[in-house]
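**Q** Got a structure for you, questions after.
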Amino acid sequence: MEGTQENDDDVAVKPNQTIYINNLNERIKKEELRKALYAAFSQFGTVLDVVALKTLRMRGQAFVVFRDVGSATNAMRAMQNFPMFDKPMRIQFSKTQSDIIAKLNGTFVEREKRPAEKRKAEEAPESKKPKKQETTKRATPSALSAQPAPLQPKQLPPNKILFVENLPEQTTELMLSMLFQQFTGFKEVRMVPGKPGVAFVEFENDMEAGAAMTGLQHFKITPTNLMVISYAKK
């Protein structure tokens, strides 16, 4: 998926799995933007890819690829004009199909490499060139059974403050705020200094905190990290 997409309201674009977002804050680093977009849009369905490039043409723009059209549609409706990094997002369906969706439905055609890309590929050291044959190790039943069971929430009395754990180390207050502020009564997120992977989220009362806990329990903030939410100790 390359290039930009002109924001032309007069052109009807057929609903598809990929949404195009512009009016994003151009000062945000690419990786931070990708993580924030993933966290914000994963609540609507499985996100297959987030494309956010910092080239001159793609600055302030991104594509979010969902597994199905319904998820993309719901995300576009719910997040239209939502403030991301203090700027309202402008969202529409993408006019071009993403590579990952094309590969899934069997219509992918590899683009011809540009001359500069061909030279880089030819000049790349042997160690960096893709190997023709690679053996994939499969997990044995004994290895699978040895994997730790997912964390379970602690059984504590209701509280307006939630304790969130099993977060990836790169999680930020903004990423968590994007997830929890969709629930009524949200007040703030507090990360724990020196303890990556955990945070506290405060609501107006314990009922509102409980609703958020139920809604986001075991939410996949990344494909390998399921959030575990408990009431904080009083």
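Letters A, B, ... go to the chains of the structure tokens in the order shown; residues in each chain start at 1; ligands are counted from 1 in the same order.
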Which neighbours of Leu226 (chain A) fall inside 12 Å, counting only C-alpha atoms, when residues of the same chain fewer than 5 positions from it are skipped, and could you give them as a ChimeraX atom specification?
**A** /A:149-153,164-168,197,216-221
**Q** Leaving out Arg67 (chain A) and any residue of its chain fewer than 3 positions from it, which residues lie within 9 Å of it when counting only C-alpha atoms, given as a CSV table (one decimal) with C-alpha atoms, in the first residue's frame?
**A**
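Output contents, as saved in result.csv:
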chain,number,residue,atom,x,y,z
A,17,GLN,CA,-11.6,-3.9,5.4
A,18,THR,CA,-9.2,-1.0,5.2
A,45,GLY,CA,-12.3,-6.1,15.8
A,46,THR,CA,-9.1,-7.9,14.7
A,47,VAL,CA,-6.5,-5.4,13.4
A,48,LEU,CA,-4.3,-7.2,10.8
A,70,GLY,CA,-18.0,-4.9,9.6
A,71,SER,CA,-15.2,-4.0,12.0
A,72,ALA,CA,-13.9,-1.4,9.7
A,101,ILE,CA,-6.0,-8.4,2.3
**Q** Quick one: residues within 12 Å of Met79 (chain A), only C-alpha atoms, excluding same-chain residues fewer than 6 positions away - as a PyMOL selection string?
**A** chain A and resi 19-21+37+40-44+71-73+88-92+178-179+182
**Q** If you count only C-alpha atoms, which residues fall within 12 Å of Pro193 (chain A), apart from same-chain ones fewer than 5 positions away, as an MDAnalysis selection string?
**A** chainID A and resid 169 172:173 198:200
**Q** Just to confirm, what's the straight-line distance from CA of Phe93 (chain A) to CA of Asn25 (chain A) in Å (one decimal)?
**A**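 Computing the Euclidean distance for CA of Phe93 (chain A) and CA of Asn25 (chain A) yields 19.8 Å.
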**Q** In Å, with one decimal, what is the gap from CA of Lys187 (chain A) to CA of Glu208 (chain A)?
**A** 10.6 Å
**Q** So that I can see what lies close to Pro158 (chain A), please list as a short mmCIF file (atom, residue, chain, number, x, y, z; two decimals) with N, CA and C atoms, in the first residue's frame the residues with an atom at most 8 Å from it, counting only C-alpha atoms and leaving out residues fewer than 2 positions away in the same chain.
**A**
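The result, written out as out_13.cif:
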data_model
loop_
_atom_site.label_atom_id
_atom_site.label_comp_id
_atom_site.auth_asym_id
_atom_site.auth_seq_id
_atom_site.Cartn_x
_atom_site.Cartn_y
_atom_site.Cartn_z
N LEU A 156 -10.95 -9.11 44.43
CA LEU A 156 -10.90 -8.09 45.47
C LEU A 156 -12.22 -7.31 45.50
N LYS A 160 -13.21 2.06 42.88
CA LYS A 160 -13.27 2.95 41.71
C LYS A 160 -11.96 2.98 40.95
N ASP A 206 -17.15 2.91 41.78
CA ASP A 206 -16.80 1.50 41.57
C ASP A 206 -17.69 0.82 40.53
N MET A 207 -18.94 1.28 40.36
CA MET A 207 -19.81 0.69 39.34
C MET A 207 -19.29 0.97 37.94
N GLY A 210 -16.27 -1.08 37.36
CA GLY A 210 -16.63 -2.47 37.09
C GLY A 210 -17.07 -2.68 35.65
N TYR A 231 -9.82 -5.10 40.59
CA TYR A 231 -9.99 -3.92 41.43
C TYR A 231 -8.69 -3.70 42.22
#
